[in-house]
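Data file: start22.pdb. Format and content: PDB, C-alpha atoms, pLDDT in the B column.
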ATOM      1  CA  MET R   1      83.092-216.240 -86.886  1.00 64.00           C
ATOM      2  CA  LYS R   2      80.876-213.733 -88.762  1.00 65.00           C
ATOM      3  CA  ASP R   3      77.841-215.698 -87.586  1.00 70.00           C
ATOM      4  CA  LEU R   4      78.948-215.352 -83.960  1.00 64.00           C
ATOM      5  CA  ILE R   5      79.460-211.590 -84.348  1.00 70.00           C
ATOM      6  CA  LYS R   6      75.952-211.183 -85.867  1.00 66.00           C
ATOM      7  CA  ARG R   7      74.414-213.117 -82.985  1.00 65.00           C
ATOM      8  CA  LYS R   8      76.252-210.987 -80.469  1.00 59.00           C
ATOM      9  CA  GLN R   9      74.994-207.805 -82.188  1.00 64.00           C
ATOM     10  CA  LYS R  10      71.394-209.115 -82.169  1.00 61.00           C
ATOM     11  CA  VAL R  11      71.623-209.939 -78.464  1.00 50.00           C
ATOM     12  CA  GLN R  12      73.034-206.480 -77.742  1.00 57.00           C
ATOM     13  CA  SER R  13      70.198-204.871 -79.747  1.00 57.00           C
ATOM     14  CA  VAL R  14      67.566-206.842 -77.841  1.00 45.00           C
ATOM     15  CA  ILE R  15      69.174-205.872 -74.522  1.00 54.00           C
ATOM     16  CA  LYS R  16      69.186-202.179 -75.573  1.00 55.00           C
ATOM     17  CA  TYR R  17      65.473-202.326 -76.487  1.00 48.00           C
ATOM     18  CA  LEU R  18      64.586-204.056 -73.238  1.00 45.00           C
ATOM     19  CA  LEU R  19      66.575-201.502 -71.261  1.00 46.00           C
ATOM     20  CA  LEU R  20      64.929-198.619 -73.128  1.00 46.00           C
ATOM     21  CA  PHE R  21      61.484-200.175 -72.592  1.00 48.00           C
ATOM     22  CA  SER R  22      62.051-200.594 -68.836  1.00 49.00           C
ATOM     23  CA  ILE R  23      63.270-196.992 -68.544  1.00 53.00           C
ATOM     24  CA  CYS R  24      60.113-195.761 -70.325  1.00 44.00           C
ATOM     25  CA  ILE R  25      57.854-197.795 -68.039  1.00 51.00           C
ATOM     26  CA  SER R  26      59.681-196.520 -64.949  1.00 48.00           C
ATOM     27  CA  THR R  27      59.403-192.925 -66.146  1.00 47.00           C
ATOM     28  CA  ILE R  28      55.659-193.243 -66.758  1.00 48.00           C
ATOM     29  CA  GLY R  29      55.234-194.632 -63.230  1.00 45.00           C
ATOM     30  CA  CYS R  30      56.988-191.578 -61.788  1.00 44.00           C
ATOM     31  CA  PHE R  31      54.415-189.218 -63.321  1.00 43.00           C
ATOM     32  CA  GLN R  32      51.404-190.901 -61.724  1.00 41.00           C
ATOM     33  CA  LYS R  33      49.898-189.210 -58.680  1.00 41.00           C
ATOM     34  CA  PRO R  34      50.671-191.045 -55.450  1.00 39.00           C
ATOM     35  CA  ASN R  35      47.611-192.468 -53.662  1.00 39.00           C
ATOM     36  CA  SER R  36      45.306-191.614 -56.577  1.00 38.00           C
ATOM     37  CA  HIS R  37      44.417-195.293 -56.940  1.00 40.00           C
ATOM     38  CA  LYS R  38      43.956-195.654 -53.195  1.00 44.00           C
ATOM     39  CA  PHE R  39      41.346-192.870 -53.170  1.00 45.00           C
ATOM     40  CA  LYS R  40      39.386-194.549 -55.940  1.00 54.00           C
ATOM     41  CA  ASP R  41      39.705-197.968 -54.323  1.00 72.00           C
ATOM     42  CA  GLU R  42      38.267-196.628 -51.063  1.00 87.00           C
ATOM     43  CA  ARG R  43      35.164-195.319 -52.841  1.00 90.00           C
ATOM     44  CA  TYR R  44      34.793-198.579 -54.755  1.00 89.00           C
ATOM     45  CA  ASP R  45      35.005-200.540 -51.499  1.00 90.00           C
ATOM     46  CA  ILE R  46      32.165-198.413 -50.118  1.00 91.00           C
ATOM     47  CA  LEU R  47      30.093-198.919 -53.269  1.00 91.00           C
ATOM     48  CA  ASN R  48      30.630-202.681 -52.979  1.00 88.00           C
ATOM     49  CA  LEU R  49      29.396-202.448 -49.378  1.00 87.00           C
ATOM     50  CA  VAL R  50      26.255-200.701 -50.638  1.00 86.00           C
ATOM     51  CA  LEU R  51      25.738-203.312 -53.338  1.00 86.00           C
ATOM     52  CA  ASP R  52      26.172-206.128 -50.803  1.00 84.00           C
ATOM     53  CA  LYS R  53      23.922-204.584 -48.106  1.00 79.00           C
ATOM     54  CA  THR R  54      21.030-203.621 -50.387  1.00 75.00           C
ATOM     55  CA  LYS R  55      18.266-206.019 -49.353  1.00 73.00           C
ATOM     56  CA  PHE R  56      15.216-204.937 -51.309  1.00 72.00           C
ATOM     57  CA  GLY R  57      15.766-204.221 -54.974  1.00 83.00           C
ATOM     58  CA  ASP R  58      18.823-203.354 -57.017  1.00 90.00           C
ATOM     59  CA  VAL R  59      21.038-200.298 -57.439  1.00 92.00           C
ATOM     60  CA  TYR R  60      20.681-198.111 -60.518  1.00 94.00           C
ATOM     61  CA  TYR R  61      23.774-198.394 -62.697  1.00 94.00           C
ATOM     62  CA  LYS R  62      24.487-194.637 -62.761  1.00 95.00           C
ATOM     63  CA  THR R  63      25.197-192.463 -59.742  1.00 95.00           C
ATOM     64  CA  ILE R  64      22.994-189.486 -58.950  1.00 96.00           C
ATOM     65  CA  ASN R  65      23.776-185.893 -58.010  1.00 95.00           C
ATOM     66  CA  LYS R  66      20.144-184.703 -57.768  1.00 94.00           C
ATOM     67  CA  ASP R  67      16.951-185.842 -56.107  1.00 93.00           C
ATOM     68  CA  SER R  68      13.699-184.605 -57.690  1.00 89.00           C
ATOM     69  CA  GLU R  69      15.708-182.089 -59.728  1.00 91.00           C
ATOM     70  CA  LYS R  70      17.105-180.639 -56.478  1.00 94.00           C
ATOM     71  CA  PRO R  71      20.891-180.895 -55.991  1.00 96.00           C
ATOM     72  CA  ILE R  72      21.809-183.322 -53.208  1.00 96.00           C
ATOM     73  CA  GLU R  73      23.806-180.683 -51.322  1.00 95.00           C
ATOM     74  CA  ASN R  74      20.545-178.725 -50.838  1.00 94.00           C
ATOM     75  CA  TYR R  75      19.295-181.500 -48.541  1.00 92.00           C
ATOM     76  CA  LEU R  76      22.262-181.069 -46.195  1.00 89.00           C
ATOM     77  CA  ASP R  77      21.650-179.083 -43.053  1.00 83.00           C
ATOM     78  CA  ARG R  78      22.512-179.317 -39.361  1.00 77.00           C
ATOM     79  CA  GLU R  79      19.204-180.977 -38.436  1.00 79.00           C
ATOM     80  CA  VAL R  80      19.850-183.932 -40.770  1.00 80.00           C
ATOM     81  CA  PHE R  81      23.160-184.642 -39.065  1.00 71.00           C
ATOM     82  CA  ASP R  82      21.846-183.963 -35.581  1.00 70.00           C
ATOM     83  CA  SER R  83      19.356-186.785 -36.036  1.00 66.00           C
ATOM     84  CA  CYS R  84      22.216-189.061 -37.096  1.00 70.00           C
ATOM     85  CA  ILE R  85      24.197-188.294 -33.990  1.00 50.00           C
ATOM     86  CA  CYS R  86      21.212-189.047 -31.762  1.00 44.00           C
ATOM     87  CA  SER R  87      20.468-192.342 -33.502  1.00 46.00           C
ATOM     88  CA  MET R  88      24.068-193.546 -33.294  1.00 51.00           C
ATOM     89  CA  ASN R  89      24.451-193.585 -29.491  1.00 53.00           C
ATOM     90  CA  ASN R  90      28.049-192.616 -30.119  1.00 54.00           C
ATOM     91  CA  ASN R  91      29.209-189.413 -28.447  1.00 45.00           C
ATOM     92  CA  SER R  92      32.568-189.402 -30.251  1.00 47.00           C
ATOM     93  CA  PHE R  93      30.904-188.715 -33.617  1.00 60.00           C
ATOM     94  CA  ASN R  94      30.025-185.161 -34.556  1.00 72.00           C
ATOM     95  CA  LEU R  95      30.174-183.211 -37.808  1.00 80.00           C
ATOM     96  CA  ASP R  96      31.310-179.639 -37.480  1.00 85.00           C
ATOM     97  CA  ASP R  97      30.333-176.803 -39.827  1.00 88.00           C
ATOM     98  CA  LYS R  98      33.606-177.057 -41.794  1.00 92.00           C
ATOM     99  CA  GLU R  99      32.982-180.740 -42.501  1.00 91.00           C
ATOM    100  CA  ILE R 100      29.402-180.050 -43.576  1.00 91.00           C
ATOM    101  CA  ASP R 101      30.614-177.261 -45.895  1.00 94.00           C
ATOM    102  CA  PHE R 102      33.278-179.588 -47.320  1.00 96.00           C
ATOM    103  CA  ILE R 103      30.706-182.344 -47.929  1.00 95.00           C
ATOM    104  CA  LYS R 104      28.302-179.871 -49.583  1.00 95.00           C
ATOM    105  CA  LYS R 105      31.040-178.691 -51.959  1.00 96.00           C
ATOM    106  CA  GLN R 106      31.948-182.272 -52.824  1.00 96.00           C
ATOM    107  CA  PHE R 107      28.324-183.161 -53.579  1.00 97.00           C
ATOM    108  CA  LYS R 108      28.001-179.996 -55.672  1.00 96.00           C
ATOM    109  CA  ASN R 109      30.988-181.013 -57.823  1.00 96.00           C
ATOM    110  CA  GLN R 110      29.978-184.639 -58.351  1.00 95.00           C
ATOM    111  CA  LYS R 111      29.549-185.951 -61.866  1.00 95.00           C
ATOM    112  CA  ILE R 112      27.285-188.841 -62.817  1.00 95.00           C
ATOM    113  CA  ILE R 113      29.300-192.052 -63.113  1.00 94.00           C
ATOM    114  CA  ASP R 114      28.391-195.262 -64.921  1.00 95.00           C
ATOM    115  CA  LEU R 115      29.018-197.886 -62.238  1.00 93.00           C
ATOM    116  CA  SER R 116      28.757-200.740 -64.735  1.00 92.00           C
ATOM    117  CA  LYS R 117      32.060-199.588 -66.279  1.00 90.00           C
ATOM    118  CA  ILE R 118      34.055-199.792 -63.030  1.00 87.00           C
ATOM    119  CA  HIS R 119      35.724-203.182 -63.021  1.00 81.00           C
ATOM    120  CA  PHE R 120      36.245-203.147 -59.228  1.00 78.00           C
ATOM    121  CA  LEU R 121      32.500-203.308 -58.538  1.00 81.00           C
ATOM    122  CA  SER R 122      30.185-206.239 -58.077  1.00 80.00           C
ATOM    123  CA  LYS R 123      27.776-205.899 -60.999  1.00 84.00           C
ATOM    124  CA  LYS R 124      25.191-208.500 -59.959  1.00 84.00           C
ATOM    125  CA  ARG R 125      23.042-205.898 -58.124  1.00 87.00           C
ATOM    126  CA  LEU R 126      23.216-203.152 -60.784  1.00 92.00           C
ATOM    127  CA  THR R 127      20.154-202.505 -62.914  1.00 93.00           C
ATOM    128  CA  LYS R 128      19.065-200.171 -65.700  1.00 93.00           C
ATOM    129  CA  ARG R 129      15.459-200.142 -64.432  1.00 91.00           C
ATOM    130  CA  ARG R 130      14.333-196.750 -63.150  1.00 88.00           C
ATOM    131  CA  ASP R 131      11.433-198.193 -61.140  1.00 84.00           C
ATOM    132  CA  LYS R 132      11.606-196.344 -57.787  1.00 75.00           C
ATOM    133  CA  ARG R 133       9.741-199.119 -55.942  1.00 83.00           C
ATOM    134  CA  ASN R 134      12.446-201.700 -56.629  1.00 86.00           C
ATOM    135  CA  THR R 135      15.523-199.618 -57.392  1.00 91.00           C
ATOM    136  CA  TYR R 136      17.952-197.691 -55.189  1.00 91.00           C
ATOM    137  CA  PHE R 137      19.665-194.618 -56.618  1.00 94.00           C
ATOM    138  CA  ILE R 138      22.975-193.651 -55.000  1.00 95.00           C
ATOM    139  CA  SER R 139      25.585-190.925 -55.195  1.00 97.00           C
ATOM    140  CA  MET R 140      29.321-191.510 -55.225  1.00 96.00           C
ATOM    141  CA  PRO R 141      30.686-191.620 -51.671  1.00 96.00           C
ATOM    142  CA  ILE R 142      32.494-188.571 -50.344  1.00 96.00           C
ATOM    143  CA  LEU R 143      35.514-189.303 -48.183  1.00 95.00           C
ATOM    144  CA  PHE R 144      36.428-187.112 -45.233  1.00 94.00           C
ATOM    145  CA  ARG R 145      38.455-187.253 -41.996  1.00 92.00           C
ATOM    146  CA  ASN R 146      41.579-188.480 -43.760  1.00 92.00           C
ATOM    147  CA  ASN R 147      39.592-191.079 -45.728  1.00 92.00           C
ATOM    148  CA  THR R 148      38.417-192.858 -42.561  1.00 92.00           C
ATOM    149  CA  MET R 149      34.792-191.784 -42.979  1.00 91.00           C
ATOM    150  CA  ALA R 150      32.502-191.314 -45.945  1.00 94.00           C
ATOM    151  CA  ILE R 151      28.981-190.230 -46.748  1.00 94.00           C
ATOM    152  CA  TYR R 152      26.727-191.037 -49.673  1.00 95.00           C
ATOM    153  CA  TYR R 153      23.125-190.268 -50.601  1.00 96.00           C
ATOM    154  CA  THR R 154      20.484-192.889 -51.376  1.00 94.00           C
ATOM    155  CA  LEU R 155      17.139-192.252 -53.038  1.00 93.00           C
ATOM    156  CA  GLN R 156      14.477-194.911 -52.503  1.00 90.00           C
ATOM    157  CA  ALA R 157      10.719-195.129 -52.994  1.00 87.00           C
ATOM    158  CA  ASP R 158      10.008-193.827 -49.488  1.00 87.00           C
ATOM    159  CA  GLY R 159      12.593-191.043 -49.225  1.00 91.00           C
ATOM    160  CA  GLY R 160      16.132-189.759 -49.455  1.00 92.00           C
ATOM    161  CA  TYR R 161      18.850-190.732 -46.977  1.00 91.00           C
ATOM    162  CA  PHE R 162      22.419-189.872 -46.155  1.00 92.00           C
ATOM    163  CA  THR R 163      24.449-192.839 -44.980  1.00 90.00           C
ATOM    164  CA  ILE R 164      27.671-192.414 -43.057  1.00 90.00           C
ATOM    165  CA  VAL R 165      30.254-195.185 -43.121  1.00 89.00           C
ATOM    166  CA  GLN R 166      33.447-195.557 -41.144  1.00 88.00           C
ATOM    167  CA  LYS R 167      36.562-197.536 -41.887  1.00 91.00           C
ATOM    168  CA  ASP R 168      37.345-200.171 -39.290  1.00 86.00           C
ATOM    169  CA  GLY R 169      40.734-201.612 -40.130  1.00 87.00           C
ATOM    170  CA  LYS R 170      40.469-202.586 -43.777  1.00 85.00           C
ATOM    171  CA  LYS R 171      36.684-202.785 -44.082  1.00 88.00           C
ATOM    172  CA  TRP R 172      33.915-200.200 -44.155  1.00 90.00           C
ATOM    173  CA  ASP R 173      30.943-200.374 -41.782  1.00 86.00           C
ATOM    174  CA  ILE R 174      27.696-198.441 -41.903  1.00 84.00           C
ATOM    175  CA  VAL R 175      27.597-196.103 -38.907  1.00 84.00           C
ATOM    176  CA  CYS R 176      24.176-194.573 -39.411  1.00 85.00           C
ATOM    177  CA  SER R 177      21.546-193.527 -41.885  1.00 83.00           C
ATOM    178  CA  CYS R 178      20.050-190.045 -41.752  1.00 85.00           C
ATOM    179  CA  SER R 179      16.727-189.189 -43.319  1.00 87.00           C
ATOM    180  CA  ALA R 180      16.752-186.122 -45.565  1.00 89.00           C
ATOM    181  CA  TRP R 181      13.050-186.529 -46.381  1.00 89.00           C
ATOM    182  CA  ILE R 182      10.398-189.206 -46.011  1.00 86.00           C
ATOM    183  CA  GLU R 183       7.304-189.678 -48.137  1.00 81.00           C
TER     184      GLU R 183
END

If you convert what's in this file into structure tokens, what do you get?
Amino acid sequence: MKDLIKRKQKVQSVIKYLLLFSICISTIGCFQKPNSHKFKDERYDILNLVLDKTKFGDVYYKTINKDSEKPIENYLDREVFDSCICSMNNNSFNLDDKEIDFIKKQFKNQKIIDLSKIHFLSKKRLTKRRDKRNTYFISMPILFRNNTMAIYYTLQADGGYFTIVQKDGKKWDIVCSCSAWIE
């Protein structure tokens, strides 16, 4: 009889610990920001698109926020985006001044990120070589228009480019590439 009572007490203790553990896990989940993972996943999807579409060379393993010691946002002006609109043959696309200002602020606040440490990314095209002839250098994408569009900067041997991508259903497609400067 004493043996049965001890077993019952052990089972009750285990149930209490499991209940306490599940309450703790649920509470931690409540403190996480909603959609914070979705935002990161969207940028990672775009980076995977870049890694998949890069035809000549590899992508440097760290993002950039400068080009020739000049902050990326300094390359943004109306003329850069006007050339994008003309090359797209899409009259529904247009960046207004507020969007350009928003994008500039986002580029200004970007930190350098080690892409090799992001487990969502395809690492086969990342390199630590800084050879500009065979390596692409990219910024982190900036999402805008309710996360349906994004822009990122690419530095290559022949120049610097802004690329605009648009979400089509669940996948991202490159809409256009805009030259910031050409060598």

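From atom CA of R:Val59 back to atom CA of R:Leu126, the distance works out to 4.9 Å.
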
Tell me, in Å to one decimal, how far atom CA of R:Gln166 is from atom CA of R:Ala150.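 Spanning atom CA of R:Gln166 to atom CA of R:Ala150 is a straight-line distance of 6.5 Å.
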
In Å, how far is it from atom CA of R:Ile113 to atom CA of R:Ile164?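 Taking atom CA of R:Ile113 and atom CA of R:Ile164, their separation equals 20.1 Å.
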
Result set, the PyMOL selection byres ((chain R and resi 49) around 10) on current file, as a ChimeraX atom specification: /R:43-48,50-54,121-122,165,171-174

Counting only C-alpha atoms, the option among R:Cys176, R:Ile72, R:Thr63, R:Ile5 closest to R:Ser116: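 Going through R:Cys176, R:Ile72, R:Thr63, R:Ile5 one by one, the smallest distance to R:Ser116 is for R:Thr63.
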
Which residues come within 12 Å of stretch 77-81 of chain R, counting only C-alpha atoms, excluding same-chain residues fewer than 2 positions away, as a PyMOL selection string? chain R and resi 72-75+83-88+93-101+103-104+151+160-164+176-181

Point (31.6, -186.1, -58.3), cut-off 9 Å, counting all atoms listed in the file, residues as a ChimeraX atom specification: /R:65,106-113,139-142

Starting from the displayed file, determine the output of the PyMOL selection byres ((chain R and resi 158) around 7) and express the residue list as a PDB file with C-alpha atoms, in the coordinates of the input.
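Dumped everything to result-v3.pdb:
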ATOM      1  CA  GLN R 156      14.477-194.911 -52.503  1.00 90.00           C
ATOM      2  CA  ALA R 157      10.719-195.129 -52.994  1.00 87.00           C
ATOM      3  CA  GLY R 159      12.593-191.043 -49.225  1.00 91.00           C
ATOM      4  CA  ILE R 182      10.398-189.206 -46.011  1.00 86.00           C
ATOM      5  CA  GLU R 183       7.304-189.678 -48.137  1.00 81.00           C
TER       6      GLU R 183
END

Determine the nearest neighbour of R:Lys117 from the options R:Tyr153, R:Phe102, R:Tyr61, R:Phe144, counting all atoms listed in the file.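 Of R:Tyr153, R:Phe102, R:Tyr61, R:Phe144, the one nearest R:Lys117 is R:Tyr61, counting all atoms listed in the file.
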
Considering only C-alpha atoms, return as JSON, numbers by chain whatever protein or nucleic-acid residues lie within 7 Å of R:Tyr136, sequence-local ones (same chain, fewer than 5 positions apart) excluded. {"R": [57, 58, 59, 60, 154, 155, 156]}
